[in-house]
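Undergrad: Let me give you the structure first, and then I'll get to my questions.
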Amino acid sequence: MTAALELAGVTVAYLVEGGDDVVVRDVTLSLQRGSIVGLAGESGSGKSTLSLAAIGYAVPPMRMVSGSAALGGESLYAISFSARRRLWGARIGYVAQSANEALNPSIRIGRQLGQVLRIHQHLSGSALLAAEIELLERVGIPDPRAALRRYPHEFSGGQLQRIAIAIAVACRPEVLILDEPTTGLDVQTQQQISALLRALVAEDELATLYVSHNLALLGEISDRINIMYAGEIVERGPTASVLAAPRHPYTRALLDAVPSVARPRRLVGIPGRPPGRVAAVGCGFADRCAFAQRECATTAIGLTELQAGRAVRCRRHGEIALSSPAASLAHDRQPPSEAEPALEVRHVCCRYRAAGSDAVRDVSLRVAPGETLGLVGESGSGKSTLLRAIAGSHRPASGEIRLHGDVLAGSIQRRPSAAKRNIQLIFQNPDSSLNPAHTIGEIVRRPLRLFREDLSRADEEGEIVALLESVSLPPEFIDRYPDELSGGQKQRVAIARAFAARPTVLLCDEITSALDVSVQATVIEILSQLAASQGTAMIFVSHDLAVVRTVAARIVVLKDGAICEEGPADQVFERPQSSYTRALLAAIPVIPGERSLEEDARQTVS
Amino acid sequence: MATHAISTPVRARRRAGVWRSMLQTVEGRVGLCLGLVVIAVVVIGPYVAPHDPNALGTGTALAGPSSAHPLGTDQLGRDVLSRVLSGGRTVLLAPLAATVLAFLIGGMSGMLAAYRGGPLDSGVSRLFDLFIAVPSLLIVLVVITRVGTSWPAIVIVVALVFSPRAGRIVRGATQAVVGNDYVSAARLRGESARWVVARELLPNAAPAIIANFCLYLTYSIIFVATLSFLGLGAQPPSSDWGLMVASSRQFISVNPWATLVPALGIGSMAVSFTLLGDALIRQVSRRIQVGGGEV
């Protein structure tokens with residue numbers, strides 16, 4: 001069987017001042033009809049560039065250097081740009097990451113969907129309308145006739161992605177390229193979209209390339225997987241086999257960094273960051289690799305073909321297969337103590353003036369000193385609002401919040417300085433929470449100046465260095481500005497700023513959702529260690545249940561502003577009581593080969 | 001403090017970076033060259049003028065260019081070159097003072113409105129809209145004819161006319177940064193409003209404000225020149241460029257230089273600030289796009 005899309009030796013560069021920056025090198029890939037090929041890697045590994053190169057979409061500064069792409073035997077690179085444009089939409093469908101941005105907000109859905117049919121299939125009038133309705137029905141949009149007349153903002157994120165998929169498959173293409181199609185969606189929506197994609201691929205026999213950073217998701221949906229690092233495929237093969245028994249240190253390291261809902265694993269981050277371009281000689285991963293030897297950085301390393309369609313680009317793949325995984329169980333987490341809670345929330349309700357119903361409805365919870373409480377729920381469940389109420393930036397409509405037994409005022413201005421100091425908040429997006437006009441030193445210094453009377457001005461300098469060290473950042477960072485740091489480094493600065501005040505309660509609002517898994521693992525390790533060593537009570541808010549399982553000892557599940565389940569983490573994850581929690585857990589993809597604690601126990605008994 | 005000793009050069013480097021990359025654009029380079037030439041004329045001009053700009057009958061009235069009068073003479077026999085060299089000062093200084101004043105008045109209210117939000121913000125914004133809706137030339141004409149013309153009066157009235165526009169710009173620039181989490185973080189630390197505005201908001205809104213300041217300086221130059229042209233600004237025998245254009249335009253067919261050169265001066269001044277402002281705005285928006293990305 002010939003491949004629907006065949007890439008051979010594809011090399012792509014970005015034109016920069018003073019020459020070419022090679023970002024993808026010598027990639028060979030083939031897509032068969034009816035099967036899904038996964039492409040995984042950290043951000044900056046070149047996977048999005050490769051997906052564009054695969055369809056011949058190279059606009060400056062991106063430049064094809066060499067290689068070939070064949071669509072059903074016909075070369076994509078040999079034909080003109082306008083000839084290629086006639087293939088896009090007709091024979092090649094493309095779904096971008098954010099449907100929000102891919103669809104024009106000021107054009108009705110019907111026009112945007114009809115456009116591709118008008119151009120490629122020359123449909124019009126009632127034939128066009130019938131085709132549009134049929135398409136929307138196929139992707140599961142309710143009441144398609146009415147939907148055609150609506151604008152993008154009238155749909156939810158999941159529905160928009162369905163519509164974007166409908167546009168991509170409208171002309172029954174042979175090839176479908178998906179670039180992170182479910183990133184940013186809730187787990188349940190993600191599961192539904194995945195199911196839809198799987199059905200479409202099977203029905204239309206689409207040759208599909210699925211780009212994602214989510215290994216567990218690719219583990220469920222893809223037949224074969226390619227792991228990409230620094231512009232090269234470092235490992236490829238049947239998905240289940242690659243993820244269950246990785247042979248490349250990078251694949252292994254990625255898997256060690258991925259949190260799991262099945263068991264609370266200790267996460268191991270990957271030090272450093274991807275280079276963003278191809279290494280001139282040797283292995284691009286050598287400087288971050290635990291297995292690296294001197295020769296790795298100096299000798300060219302090709303893909304070694306192994307058995308069963310697998311290939312790996314590593315000199316030491318044999319040893320890696322034999323070594324045992326680094327992952328161990330997470331820290332022993334302190335059981336909730338009976339002592340006086342650090343923070344207590346009693347019957348709190350919050351509402352926004354514009355909204356009709358309450359964002360938070362009668363929520364009560366308590367966190368003991370040193371304890372980490374995981375607060376989970378989908379977007380709109382009220383978890384961020386509750387956090388803002390505790391932090392003092394949203395005044396609750398009713399109920400009370402107690403810090404070490406004292407009732408707190410609703411607004412921050414009326415709280416005593418000690419309360420401001422004792423409750424610290426870490427924000428979701430470090431790009432937004434660190435002032436770009438201030439140096440890292442100035443950012444960390446401010447809480448010291450405000451809250452640490454014990455420090456003289458002369459001691460501040462040393463304390464800043466110590467705080468940076470506690471989040472594994474070098475002292476030189478004092479004079480850097482936030483835009484000189486990577487996302488993970490910025491989030492670590494935010495953690496240092498929070499701990500500078502020596503808080504007793506730390507609120508974390510989705511603090512790893514903007515980070516790569518390899519970086520997320522490091523950030524979570526640093527945070528857990530600091531909180532454990534200082535006995536800080538923590539409320540860890542996340543929509544990612546696997547992350548919460550890794551850090552939290554007790555879980556509260558929020559739905560529509562109210563608590564729907566609460567209990568120790570192991571109980572909530574292994575024996576969920578509410579049907580909502582069960583549905584949430586069922587929607588999360590699990591890496592093949594990962595067993596839950598209960599399965600472990602069963603294995604030991606038998 | 002030790003950190004400051006280290007961080008000053010870093011800061012200087014960053015600042016120099018913005019200016020350098022601004023000069024890499026064509027607009028930036030042309031704008032800067034033109035601006036320097038015009039400013040040189042305005043500053044040095046009065047000292048190198050060959051004649052007293054107001055001396056009558058230095059030569060035959062309305063003569064064309066000659067070696068004694070490179071740009072000829074006007075209808076009263078005054079040397080056009082000397083008048084051009086000495087007449088740029090008011091064209092530049094009055095609008096500059098007015099624009100600075102406008103950005104101070106409007107800027108402070110706009111920034112406060114964006115920071116406080118809520119009813120204060122909508123109140124101030126409506127007020128801005130209301131004033132912008134009235135034709136600005138009309139306001140100035142009425143006020144100046146009432147109080148009589150003088151440079152302080154012109155500066156104050158033009159500043160008042162431009163302040164709601166400046167306010168709207170500063171409010172917009174502030175609003176773009178006020179939603180950032182570092183502002184919430186500062187509020188949750190219990191920082192005073194003064195700290196938040198001066199240390200968290202202003203440094204991040206400044207590039208956009210400075211860029212728009214350049215553009216408004218242009219409008220203001222043209223506006224004040226218009227007033228002089230209409231006879232409400234500079235008064236005879238001043239050699240103000242706007243007034244020169246107005247008084248010599250009826251003789252344009254006899255000695256065109258007396259009209260065209262001052263007009264060109266006003267034009268170049270306006271164009272150079274517009275180009276500089278454009279280059280800055282491009283720089284700012286590029287930084288916003290790049291911001292958050294990797295180094």
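Following the order of the structure tokens, chains are lettered A, B, ..., residues in each are numbered from 1, and ligands are numbered from 1.
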Leaving out region 317-322 of chain A and any residue of its chain fewer than 4 positions from it, which residues lie within 12 Å of it when counting only C-alpha atoms, given as an mmCIF file with N, CA and C atoms, in the first residue's frame?
TA:
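Writing done, so here's out-v7.cif:
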```cif
data_model
loop_
_atom_site.group_PDB
_atom_site.id
_atom_site.type_symbol
_atom_site.label_atom_id
_atom_site.label_comp_id
_atom_site.auth_asym_id
_atom_site.auth_seq_id
_atom_site.Cartn_x
_atom_site.Cartn_y
_atom_site.Cartn_z
ATOM 1 N N VAL A 234 13.680 11.640 16.973
ATOM 2 C CA VAL A 234 14.653 10.895 17.763
ATOM 3 C C VAL A 234 14.196 9.465 18.034
ATOM 4 N N GLU A 235 12.887 9.252 17.928
ATOM 5 C CA GLU A 235 12.404 7.883 18.122
ATOM 6 C C GLU A 235 11.074 7.738 17.408
ATOM 7 N N SER A 241 4.174 0.453 21.823
ATOM 8 C CA SER A 241 5.501 -0.094 22.079
ATOM 9 C C SER A 241 6.487 1.009 22.472
ATOM 10 N N VAL A 242 6.424 2.161 21.793
ATOM 11 C CA VAL A 242 7.348 3.260 22.112
ATOM 12 C C VAL A 242 7.102 3.779 23.524
ATOM 13 N N LEU A 243 5.831 3.990 23.885
ATOM 14 C CA LEU A 243 5.544 4.591 25.185
ATOM 15 C C LEU A 243 5.750 3.596 26.329
ATOM 16 N N ALA A 244 5.520 2.325 26.068
ATOM 17 C CA ALA A 244 5.686 1.338 27.131
ATOM 18 C C ALA A 244 7.166 1.016 27.327
ATOM 19 N N ALA A 245 7.947 1.051 26.262
ATOM 20 C CA ALA A 245 9.364 0.715 26.388
ATOM 21 C C ALA A 245 10.206 1.684 25.568
ATOM 22 N N PRO A 246 10.362 2.906 26.052
ATOM 23 C CA PRO A 246 11.120 3.903 25.290
ATOM 24 C C PRO A 246 12.580 3.504 25.169
ATOM 25 N N ARG A 247 13.175 3.824 24.028
ATOM 26 C CA ARG A 247 14.580 3.490 23.841
ATOM 27 C C ARG A 247 15.457 4.740 23.768
ATOM 28 N N HIS A 248 14.854 5.908 23.570
ATOM 29 C CA HIS A 248 15.637 7.139 23.523
ATOM 30 C C HIS A 248 15.549 7.845 24.881
ATOM 31 N N PRO A 249 16.663 8.391 25.368
ATOM 32 C CA PRO A 249 16.634 9.056 26.683
ATOM 33 C C PRO A 249 15.616 10.195 26.735
ATOM 34 N N TYR A 250 15.395 10.849 25.604
ATOM 35 C CA TYR A 250 14.438 11.964 25.612
ATOM 36 C C TYR A 250 13.011 11.462 25.811
ATOM 37 N N THR A 251 12.665 10.388 25.125
ATOM 38 C CA THR A 251 11.330 9.809 25.300
ATOM 39 C C THR A 251 11.156 9.373 26.752
ATOM 40 N N ARG A 252 12.171 8.723 27.256
ATOM 41 C CA ARG A 252 12.149 8.280 28.648
ATOM 42 C C ARG A 252 11.962 9.476 29.594
ATOM 43 N N ALA A 253 12.742 10.532 29.359
ATOM 44 C CA ALA A 253 12.674 11.706 30.235
ATOM 45 C C ALA A 253 11.297 12.373 30.158
ATOM 46 N N CYS A 289 20.948 15.298 28.716
ATOM 47 C CA CYS A 289 20.713 13.857 28.794
ATOM 48 C C CYS A 289 21.472 13.238 29.950
ATOM 49 N N ALA A 290 20.799 12.356 30.691
ATOM 50 C CA ALA A 290 21.438 11.698 31.830
ATOM 51 C C ALA A 290 22.398 10.614 31.359
ATOM 52 N N PHE A 291 22.236 10.167 30.123
ATOM 53 C CA PHE A 291 23.052 9.068 29.622
ATOM 54 C C PHE A 291 24.196 9.543 28.730
ATOM 55 N N ALA A 292 24.335 10.878 28.589
ATOM 56 C CA ALA A 292 25.269 11.390 27.587
ATOM 57 C C ALA A 292 26.712 11.061 27.913
ATOM 58 N N ILE A 301 24.850 11.141 14.639
ATOM 59 C CA ILE A 301 24.100 9.962 15.054
ATOM 60 C C ILE A 301 22.895 9.788 14.147
ATOM 61 N N LEU A 303 19.487 7.491 12.554
ATOM 62 C CA LEU A 303 18.390 6.682 13.096
ATOM 63 C C LEU A 303 18.773 5.212 12.943
ATOM 64 N N THR A 304 18.724 4.473 14.033
ATOM 65 C CA THR A 304 18.995 3.042 13.981
ATOM 66 C C THR A 304 17.667 2.302 13.892
ATOM 67 N N GLU A 305 17.515 1.470 12.873
ATOM 68 C CA GLU A 305 16.275 0.706 12.747
ATOM 69 C C GLU A 305 16.320 -0.468 13.722
ATOM 70 N N LEU A 306 15.262 -0.590 14.522
ATOM 71 C CA LEU A 306 15.172 -1.738 15.423
ATOM 72 C C LEU A 306 14.117 -2.674 14.866
ATOM 73 N N ARG A 310 10.415 -0.077 14.595
ATOM 74 C CA ARG A 310 10.873 0.994 15.471
ATOM 75 C C ARG A 310 12.242 1.498 15.046
ATOM 76 N N ALA A 311 12.488 2.773 15.335
ATOM 77 C CA ALA A 311 13.799 3.340 15.038
ATOM 78 C C ALA A 311 14.136 4.331 16.132
ATOM 79 N N VAL A 312 15.427 4.477 16.440
ATOM 80 C CA VAL A 312 15.829 5.391 17.495
ATOM 81 C C VAL A 312 17.154 6.037 17.110
ATOM 82 N N ARG A 313 17.294 7.326 17.502
ATOM 83 C CA ARG A 313 18.509 8.057 17.179
ATOM 84 C C ARG A 313 19.320 8.242 18.463
ATOM 85 N N ALA A 326 13.114 5.979 36.163
ATOM 86 C CA ALA A 326 13.470 6.784 37.315
ATOM 87 C C ALA A 326 12.279 7.014 38.234
#
```
Undergrad: Need to verify the contact set: Pro592 (chain A), 12 Å, only C-alpha atoms, exclusion of same-chain residues closer than 5 positions in sequence. Can you return it as a ChimeraX atom specification?
TA: /A:215-222,238-246,255,260,262
Undergrad: May I ask you to extract the residues of chain A within 6 Å of chain B, using only C-alpha atoms, and to give them as a list in words?
TA: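 Close enough to count are Asp431, Ser432, Ser433, Leu434, Asn435, Asp479 and Glu484 of chain A.
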Undergrad: Could those selected residues go to a file with C-alpha atoms, as a PDB file, in the first residue's frame?
TA:
```pdb
ATOM      1  CA  ASP A 431       4.245  36.406  31.394  1.00  0.00           C
ATOM      2  CA  SER A 432       1.524  38.484  32.940  1.00  0.00           C
ATOM      3  CA  SER A 433       2.380  38.234  36.631  1.00  0.00           C
ATOM      4  CA  LEU A 434       5.929  39.595  36.403  1.00  0.00           C
ATOM      5  CA  ASN A 435       6.239  43.270  35.477  1.00  0.00           C
ATOM      6  CA  ASP A 479      19.760  41.876  37.050  1.00  0.00           C
ATOM      7  CA  GLU A 484      15.130  37.285  29.125  1.00  0.00           C
TER       8      GLU A 484
END
```
Undergrad: Could you name the residues that touch region 57-61 of chain B at 9 Å or less, counting only C-alpha atoms, but leaving out those on the same chain fewer than 2 positions away, as a ChimeraX atom specification?
TA: /B:51-52,55,63,68-69,72-79
Undergrad: Tell me which protein, DNA and RNA residues are within 7 Å of Val517 (chain A), counting only C-alpha atoms, leaving out same-chain ones fewer than 3 positions away, and put them as a list in words.
TA: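 Listing them by chain and then by number gives Ala257, Val258, Gln520 and Ala521 of chain A.
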Undergrad: Within 9 Å of region 51-60 of chain A, which residues of region 8-39 of chain A show up? Give each one with its shortest atom-to-atom distance in Å (one decimal) and the two atoms involved, counting only C-alpha atoms, rows by chain then rising residue number, as a Markdown table.
TA:
```
| residue | atom | partner | partner_atom | distance |
| --- | --- | --- | --- | --- |
| A:Val10 | CA | A:Ala53 | CA | 7.8 |
| A:Thr11 | CA | A:Ala53 | CA | 8.7 |
| A:Val12 | CA | A:Ala53 | CA | 7.4 |
| A:Tyr14 | CA | A:Pro60 | CA | 7.7 |
| A:Leu15 | CA | A:Pro60 | CA | 7.4 |
| A:Leu39 | CA | A:Ser51 | CA | 9.0 |
```
Undergrad: Please identify which residues in region 18-181 of chain A DSSP calls alpha helix (DSSP H) from the backbone, and express them as a PyMOL selection string.
TA: chain A and resi 47-54+81-87+99-102+109-121+125-138+144-147+157-169
Undergrad: By how many Å are CA of Ala501 (chain A) and CA of Thr385 (chain A) apart?
TA: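 Interatomic distance here is 23.1 Å.
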Undergrad: Could you give me, as a ChimeraX atom specification, the residues within 10 Å of region 88-96 of chain B, counting only C-alpha atoms and dropping anything in the same chain fewer than 4 positions from it?
TA: /B:38-39,41-43,45-46,83-84,100-102,151-152,154-156,158-159,213-214,216-225,228,233-234,238-243,262,265-266,269-270
Undergrad: Mind writing the picked residues with C-alpha atoms as a short mmCIF file (atom, residue, chain, number, x, y, z; two decimals), in the first residue's frame?
TA:
```
data_model
loop_
_atom_site.label_atom_id
_atom_site.label_comp_id
_atom_site.auth_asym_id
_atom_site.auth_seq_id
_atom_site.Cartn_x
_atom_site.Cartn_y
_atom_site.Cartn_z
CA VAL B 38 14.70 71.80 11.33
CA ILE B 39 15.73 72.06 14.98
CA VAL B 41 17.51 76.02 11.86
CA VAL B 42 15.23 76.95 14.75
CA VAL B 43 17.99 77.03 17.37
CA GLY B 45 19.01 80.41 12.85
CA PRO B 46 18.50 83.67 14.77
CA ARG B 83 12.89 85.99 8.72
CA VAL B 84 12.80 82.24 8.05
CA VAL B 100 3.31 68.70 27.19
CA LEU B 101 0.61 70.46 29.16
CA ALA B 102 -2.14 68.49 27.38
CA TRP B 151 1.44 83.16 23.55
CA PRO B 152 0.44 82.02 27.09
CA ILE B 154 -2.61 80.15 22.93
CA VAL B 155 -0.58 77.53 24.79
CA ILE B 156 -3.24 77.11 27.47
CA VAL B 158 -4.47 74.50 22.72
CA ALA B 159 -3.46 72.39 25.73
CA PHE B 213 3.04 62.35 22.01
CA CYS B 214 5.14 62.73 18.86
CA TYR B 216 0.14 65.04 18.77
CA LEU B 217 3.10 67.40 18.67
CA THR B 218 2.65 67.35 14.89
CA TYR B 219 -1.05 68.16 15.08
CA SER B 220 -0.28 70.89 17.53
CA ILE B 221 2.39 72.45 15.28
CA ILE B 222 -0.04 72.56 12.37
CA PHE B 223 -2.78 73.83 14.65
CA VAL B 224 -0.75 76.72 16.04
CA ALA B 225 0.55 77.58 12.55
CA SER B 228 -1.05 82.35 13.11
CA GLY B 233 -1.54 83.60 16.77
CA ALA B 234 1.62 85.51 16.08
CA SER B 238 6.67 88.75 14.05
CA SER B 239 8.50 86.48 11.63
CA ASP B 240 6.52 83.41 12.76
CA TRP B 241 6.33 80.96 9.84
CA GLY B 242 2.56 80.68 9.95
CA LEU B 243 2.17 84.42 9.85
CA PRO B 262 8.24 78.93 5.74
CA GLY B 265 9.59 74.57 7.37
CA ILE B 266 6.26 73.91 9.06
CA MET B 269 8.76 69.89 11.27
CA ALA B 270 5.40 68.12 11.23
#
```
Undergrad: What gap, in Å, lies between CA of Arg126 (chain B) and CA of Leu160 (chain B)?
TA: 16.1 Å
